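Working notes, structure below.
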Amino acid sequence: MSRRPGKFSKYLESMVVYGILIAASLFAIFPIVWAILTSLKQEATIFLYPPQWLPSPLTLENYIHVLYNSNMPRYFLNSLWVVFMTILLTLTLSSHGGYAAARFSFTGKNTLLFIILLTVMIPGIVVLIPLYLLATRVGLLDTYWVLILVYTAWQIPAVLWLMRGFFETIPRELEEAALMDGCSRLGAFYRIIWPLTRPGLAAAAVIVFVNVWNEFILAATLTTSDDKRLIPVGLYYYIGAYGIEWGKLMAAVCIALLPIILLFIFLQRSFIKGLSSGSVKG
Amino acid sequence: MRQMVPEVKENPENSSIKTYPGALTFLRKHIFSSKGLRDRFSAGLKKNSLPLAFLSPAVIFVLLITFLPILHAINISFYETSYLQKTEFVGFRHYWNYLQEPAGRQNILNSLIYVFGSLILAVPFGVLLATLLHRNLRFRTLFRTLIILPWVVAQLISALLWSWLINPSYGPVNYFIQLWFGFPVDFLSQPLTAMPTLILVNVWRSFPYPMLLTLAALQTIPEELLEAAKVDGASTWTRFWRITLPLIQNTLLIAIIMLSLYYFNMVTLPLVLTGGGPLGATEVISLRVYREAFNFYHIGYGSAIAIYILLFNILFSLLYIKILRTEAVC
C-alpha cells in the first residue's frame, strides 16, 4: 500500500520549503541591508540603543563625506583602471591562446595546457613573498602595472580554458569558407571567428572584473602609497585612519559594492558560469 | 666555402680525415641528421607558427609570474633572512621549527578546524538550498539571486559587514542577545567564540558555491528517474538518499576539494575580521605566512610555511585530477 500525501501535508511541505528559502535569503542579504541602512543614518542615530531599524531622519551626509572629503573616489578610479587593463590584457592573451588550443594540434599542446591549468591551483599566498621581492628588485613596487601584470597572470588560466570551450563550439566550416574566399588564417580569425565569441568574452570579462575588484592581499602588499590604493585596500586603511566611523565606512562599503551588485543582477548568467569555474587563489 | 663542404665529404683521400678512420661516416651522419633535424624543426615551426605565436605569450606570462616565484620561494625558504636579504643557509631548519613551535601547531589545528568547520556547514546548507531551488517555485529567480549574492561580496567587505553586524555595543545581533540573555557578547574578542564566528562569516560568503555546483548537477538528473521512484512509493527522503545523492556525488566531491583549498589558502577574511586573535585563536596557517612575511619581515621563515601550503594544495589538486579522470572515463 502506498501512502499518497494528503492536501494538508502538501501544504505543510510547501510552507517548509518557502520558510527555509525566505530564511536563507534573509541570512544572505541582511548584512548588506544593514550596511545600507547604517550608511543612511546620521552619526548620532547610529549609536542608539536599542538600534534604530529604519533610518530617520534619512540623510546622505555619509555619502557626501565619502565622495568629497575622502580619497575614496581616487581608489574607485584606481580600481576601475586596474580592472580595465587586466580585462584587456587577459582577454587578448587568453582568447588567442584559447583559439590555438581549440583549433590546432601540435606536439606538447596538451602538456602546455595542463601546465596552465595547474597554475590555477597555485595559491596567492605562496607566491606573494617572491612577487614582493621581485617587484622591489625590478622597481615595479607601488605601481599599477605590477598589479595589472600579476592579476592578468592569475586570470589567464581559467579564462583561457573558458575561451577554448567557446571556440570549440564554433563550427570549423566557417573558417574553411573564409579561407576559400581568400581570407588568410589570421584574417579568418580576426574577422570571422573572434566576433562570434563575444558572449564568451563578456562572461570572461565579468569574471575578471569580480576577481580583481575584490582582491585585497596582493593590492595591499604591492602598493605602498596612498594614491595607488585599490578600493579594498582603501577601505581597510579607512578603519585605521579615523578610528571607526561606521556610518562613513558603511557608505564607502556600499559604494564599493555597487558595481559588483549591478553587474550581478544584470549579467547573472555570465556570473554563474564564471563562479563555478572559479580558482582557489584565496 | 659552400663548395668546400661537399668536397670534404666526397673526397675520402683528404688528409685530415684519412688520419681518423671513421670520421667521414661520423661527419656525414652527423651533418645529415642535424640538417634533417633543423629542417624538420623549421618546417614544424612554420607549420605551427600561428598556434605557437597565439599560445606562447599566455604561457610565458603565466610561467614567469607563477612558476618562477615558486622556485624563488623554495630557494628563500632555506635561508635565514634579515629584512629582504638572505643571510645564512639553514637547510630545512625553518620547516622543522614550524612543526616544533607551539604556535605552529596551533596554526595547523586552527586551519583544520576552520576548513572542516566551514565545510560541514557550507556543503549541506548549499545542497539543501539547491534541492529546494530545483523545485518548481514561485519567485525562484528572486530567491536564487538573493541567496547567491554573498558570493560576489569581497572577503574584506564581508569582514567589515559582519564586524558591524555583531558589534557588541551597537549591533542588531547583540541587541537580541542582550534581550534574551541579559548581556552582550563580544564574539571576536573571546577565544571561544572567535573561531565559530569566523567560520560563520566564511560560510555566509561561500555556501553559494556548493549550491551552484549542486544546482547544475541536479539539472542533469533525468526527471523520469525520480518520477518512477515516486510512483513506486519512495518518499522524498528516500529519493534524495538513494537516487539524487549518488548521482551528484562526484560534483559534491569536487565542490568539497575546491572549497577545502579555497578555505585553506584564505588570508583576507581572518586578517580583517580577527587579525588572528584573540591570543592566536584564529591564526590559520595562511594568515601566519602573511604576518611572518609582512608584519615581522621574516621572509625565509614565511616562505617555508608557504611551501607547506603549496604541498597541501598539490596533494589536493592531484585528488581533484584523479576524480576528473574517473569522471571522464564514466
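Identifiers for the C-alpha cells are assigned positionally: chains receive A, B, ... in sequence, residues are indexed from 1 per chain, and ligands are indexed from 1 in the order shown.
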
Proximity of chain A to chain B: per-residue shortest pair, 6 Å limit, only C-alpha atoms, as a Markdown table:
| residue | atom | partner | partner_atom | distance |
| --- | --- | --- | --- | --- |
| A:Ser2 | CA | B:Gly233 | CA | 5.5 |
| A:Ser25 | CA | B:Ile147 | CA | 5.1 |
| A:Ala28 | CA | B:Ile147 | CA | 5.5 |
| A:Pro31 | CA | B:Leu161 | CA | 5.8 |
| A:Phe47 | CA | B:Tyr170 | CA | 5.9 |
| A:Leu93 | CA | B:Ala58 | CA | 5.4 |
| A:His96 | CA | B:Phe54 | CA | 4.9 |
| A:Gly97 | CA | B:Leu55 | CA | 4.0 |
| A:Ala100 | CA | B:Pro51 | CA | 4.6 |
| A:Val126 | CA | B:Ala306 | CA | 4.9 |
| A:Val127 | CA | B:Pro69 | CA | 5.6 |
| A:Pro130 | CA | B:Pro69 | CA | 5.2 |
| A:Ala153 | CA | B:Val62 | CA | 4.9 |
| A:Asn214 | CA | B:Ala154 | CA | 4.7 |
| A:Val280 | CA | B:Tyr262 | CA | 4.7 |
| A:Gly282 | CA | B:Met266 | CA | 4.5 |

So that I can see what lies close to segment 185-200 of chain A, please list as a compact mmCIF listing (two decimals) with all heavy atoms, in the first residue's frame the residues with an atom at most 9 Å from it, counting only C-alpha atoms and leaving out residues fewer than 2 positions away in the same chain.
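See selection_38.txt below for the written result:
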# COMPACT_ATOMS: atom_id res chain seq x y z
N SER A 95 42.29 34.77 -25.35
CA SER A 95 41.47 34.37 -26.50
C SER A 95 42.35 33.86 -27.63
O SER A 95 41.99 32.92 -28.33
CB SER A 95 40.53 35.50 -26.95
OG SER A 95 41.27 36.60 -27.37
N TYR A 99 42.14 30.01 -28.78
CA TYR A 99 41.91 29.66 -30.19
C TYR A 99 42.94 28.62 -30.66
O TYR A 99 42.59 27.61 -31.28
CB TYR A 99 42.00 30.93 -31.04
CG TYR A 99 41.79 30.70 -32.51
CD1 TYR A 99 40.54 30.34 -32.99
CD2 TYR A 99 42.83 30.85 -33.42
CE1 TYR A 99 40.33 30.13 -34.34
CE2 TYR A 99 42.64 30.64 -34.77
CZ TYR A 99 41.39 30.28 -35.22
OH TYR A 99 41.19 30.07 -36.56
N LEU A 162 38.14 28.66 -20.55
CA LEU A 162 36.77 29.06 -20.89
C LEU A 162 36.66 29.41 -22.38
O LEU A 162 35.77 28.94 -23.09
CB LEU A 162 36.39 30.28 -20.04
CG LEU A 162 34.95 30.74 -20.12
CD1 LEU A 162 34.10 29.92 -19.16
CD2 LEU A 162 34.83 32.21 -19.77
N MET A 163 37.64 30.19 -22.86
CA MET A 163 37.61 30.62 -24.26
C MET A 163 37.81 29.43 -25.20
O MET A 163 37.21 29.36 -26.27
CB MET A 163 38.70 31.67 -24.53
CG MET A 163 38.47 33.01 -23.87
SD MET A 163 36.81 33.66 -24.11
CE MET A 163 36.81 33.93 -25.86
N GLY A 165 36.77 26.49 -24.74
CA GLY A 165 35.46 25.86 -24.84
C GLY A 165 34.56 26.60 -25.83
O GLY A 165 33.87 25.97 -26.64
N PHE A 166 34.62 27.93 -25.80
CA PHE A 166 33.78 28.71 -26.71
C PHE A 166 34.20 28.49 -28.16
O PHE A 166 33.36 28.34 -29.04
CB PHE A 166 33.87 30.20 -26.37
CG PHE A 166 32.82 30.61 -25.40
CD1 PHE A 166 33.12 30.73 -24.06
CD2 PHE A 166 31.53 30.85 -25.82
CE1 PHE A 166 32.16 31.09 -23.16
CE2 PHE A 166 30.56 31.21 -24.92
CZ PHE A 166 30.87 31.33 -23.58
N PHE A 167 35.52 28.50 -28.40
CA PHE A 167 36.00 28.32 -29.77
C PHE A 167 35.61 26.95 -30.30
O PHE A 167 35.36 26.79 -31.49
CB PHE A 167 37.51 28.51 -29.85
CG PHE A 167 37.94 29.95 -29.79
CD1 PHE A 167 38.72 30.42 -28.75
CD2 PHE A 167 37.54 30.83 -30.78
CE1 PHE A 167 39.11 31.75 -28.70
CE2 PHE A 167 37.93 32.16 -30.74
CZ PHE A 167 38.71 32.62 -29.68
N ILE A 170 32.30 26.74 -32.09
CA ILE A 170 32.14 27.40 -33.40
C ILE A 170 32.55 26.43 -34.50
O ILE A 170 33.66 25.90 -34.47
CB ILE A 170 33.02 28.67 -33.46
CG1 ILE A 170 32.54 29.66 -32.40
CG2 ILE A 170 32.95 29.30 -34.85
CD1 ILE A 170 33.44 30.85 -32.24
N LEU A 174 33.07 27.52 -40.91
CA LEU A 174 33.09 28.97 -41.06
C LEU A 174 34.46 29.45 -41.51
O LEU A 174 34.58 30.26 -42.43
CB LEU A 174 32.75 29.63 -39.72
CG LEU A 174 31.26 29.75 -39.41
CD1 LEU A 174 31.06 30.29 -38.03
CD2 LEU A 174 30.61 30.66 -40.44
N GLU A 175 35.51 28.91 -40.85
CA GLU A 175 36.86 29.31 -41.22
C GLU A 175 37.20 28.81 -42.61
O GLU A 175 37.80 29.51 -43.41
CB GLU A 175 37.87 28.72 -40.26
CG GLU A 175 38.06 29.50 -39.01
CD GLU A 175 38.44 28.59 -37.91
OE1 GLU A 175 37.60 27.71 -37.59
OE2 GLU A 175 39.54 28.71 -37.39
N GLU A 176 36.81 27.55 -42.87
CA GLU A 176 37.13 26.97 -44.16
C GLU A 176 36.52 27.80 -45.28
O GLU A 176 37.16 28.08 -46.29
CB GLU A 176 36.64 25.52 -44.22
CG GLU A 176 37.63 24.58 -43.54
CD GLU A 176 37.00 23.29 -43.07
OE1 GLU A 176 35.89 22.95 -43.54
OE2 GLU A 176 37.61 22.61 -42.22
N ALA A 178 35.83 30.95 -45.14
CA ALA A 178 36.56 32.21 -45.21
C ALA A 178 37.88 32.02 -45.96
O ALA A 178 38.27 32.86 -46.77
CB ALA A 178 36.83 32.74 -43.80
N LEU A 179 38.56 30.87 -45.69
CA LEU A 179 39.83 30.60 -46.37
C LEU A 179 39.60 30.44 -47.87
O LEU A 179 40.37 30.91 -48.69
CB LEU A 179 40.48 29.35 -45.79
CG LEU A 179 41.01 29.49 -44.35
CD1 LEU A 179 41.54 28.16 -43.86
CD2 LEU A 179 42.08 30.56 -44.27
N CYS A 183 40.48 34.64 -47.57
CA CYS A 183 40.95 35.19 -46.30
C CYS A 183 42.22 34.45 -45.89
O CYS A 183 42.39 33.27 -46.19
CB CYS A 183 39.89 34.96 -45.23
SG CYS A 183 39.19 36.46 -44.57
N ALA A 202 32.40 38.34 -22.99
CA ALA A 202 31.66 39.08 -21.97
C ALA A 202 31.67 38.32 -20.65
O ALA A 202 31.93 38.89 -19.59
CB ALA A 202 30.22 39.32 -22.43
N ALA A 203 31.42 37.01 -20.72
CA ALA A 203 31.42 36.20 -19.50
C ALA A 203 32.78 36.27 -18.82
O ALA A 203 32.89 36.47 -17.61
CB ALA A 203 31.05 34.75 -19.82
N ALA A 204 33.83 36.16 -19.65
CA ALA A 204 35.18 36.19 -19.09
C ALA A 204 35.46 37.55 -18.45
O ALA A 204 36.05 37.64 -17.37
CB ALA A 204 36.20 35.91 -20.19
N ALA A 205 35.02 38.62 -19.13
CA ALA A 205 35.26 39.96 -18.59
C ALA A 205 34.61 40.12 -17.23
O ALA A 205 35.19 40.71 -16.31
CB ALA A 205 34.74 41.01 -19.56
N SER A 270 26.29 35.09 -16.95
CA SER A 270 27.75 35.11 -17.06
C SER A 270 28.38 34.84 -15.72
O SER A 270 29.37 34.12 -15.60
CB SER A 270 28.23 36.46 -17.55
OG SER A 270 27.58 36.81 -18.72
N LEU B 50 51.59 29.82 -36.27
CA LEU B 50 50.41 30.55 -35.82
C LEU B 50 49.97 30.12 -34.41
O LEU B 50 49.89 30.95 -33.51
CB LEU B 50 49.28 30.40 -36.83
CG LEU B 50 48.06 31.26 -36.54
CD1 LEU B 50 48.38 32.73 -36.73
CD2 LEU B 50 46.90 30.88 -37.45

Segment 141-147 of chain A environment, 7 Å, only C-alpha atoms, sequence neighbours closer than 2 positions dropped, as a list in words: Val82, Ala135, Thr136, Gly139, Leu149, Val150, Tyr151, Ala219, Leu222, Thr223, Thr224, Ser225 and Lys228 of chain A

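Residue neighbourhood of Glu61 of chain A, excluding near-sequence residues (fewer than 2 positions): A:Leu40, A:Gln42, A:Thr59, A:Tyr63, A:Ile64, A:His65, at 8 Å, using only C-alpha atoms.
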
Those in segment 111-232 of chain A with alpha helix (DSSP H) from DSSP, as a count of residues only: 89

Spatial neighbours of Ser118 of chain B, 10 Å, only C-alpha atoms, chain gap at least 2 places, as a list in words: Leu112, Ile113, Tyr114, Val115, Phe116, Ile120, Leu121, Ala122, Val123, Pro196, Leu198, Ile199, Leu200, Val201, Asn202, Val203, Trp204, Ser206, Phe207, Leu259, Ser260 and Tyr263 of chain B

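Atom CA of Ala130 of chain B sits 15.8 Å away from atom CA of Glu223 of chain B.
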
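Coordinates place atom CA of Ala24 of chain A at a distance of 26.3 Å from atom CA of Thr282 of chain B.
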
Atomic separation - atom CA of Pro168 of chain B relative to atom CA of Ile36 of chain A, Å: 19.4 Å
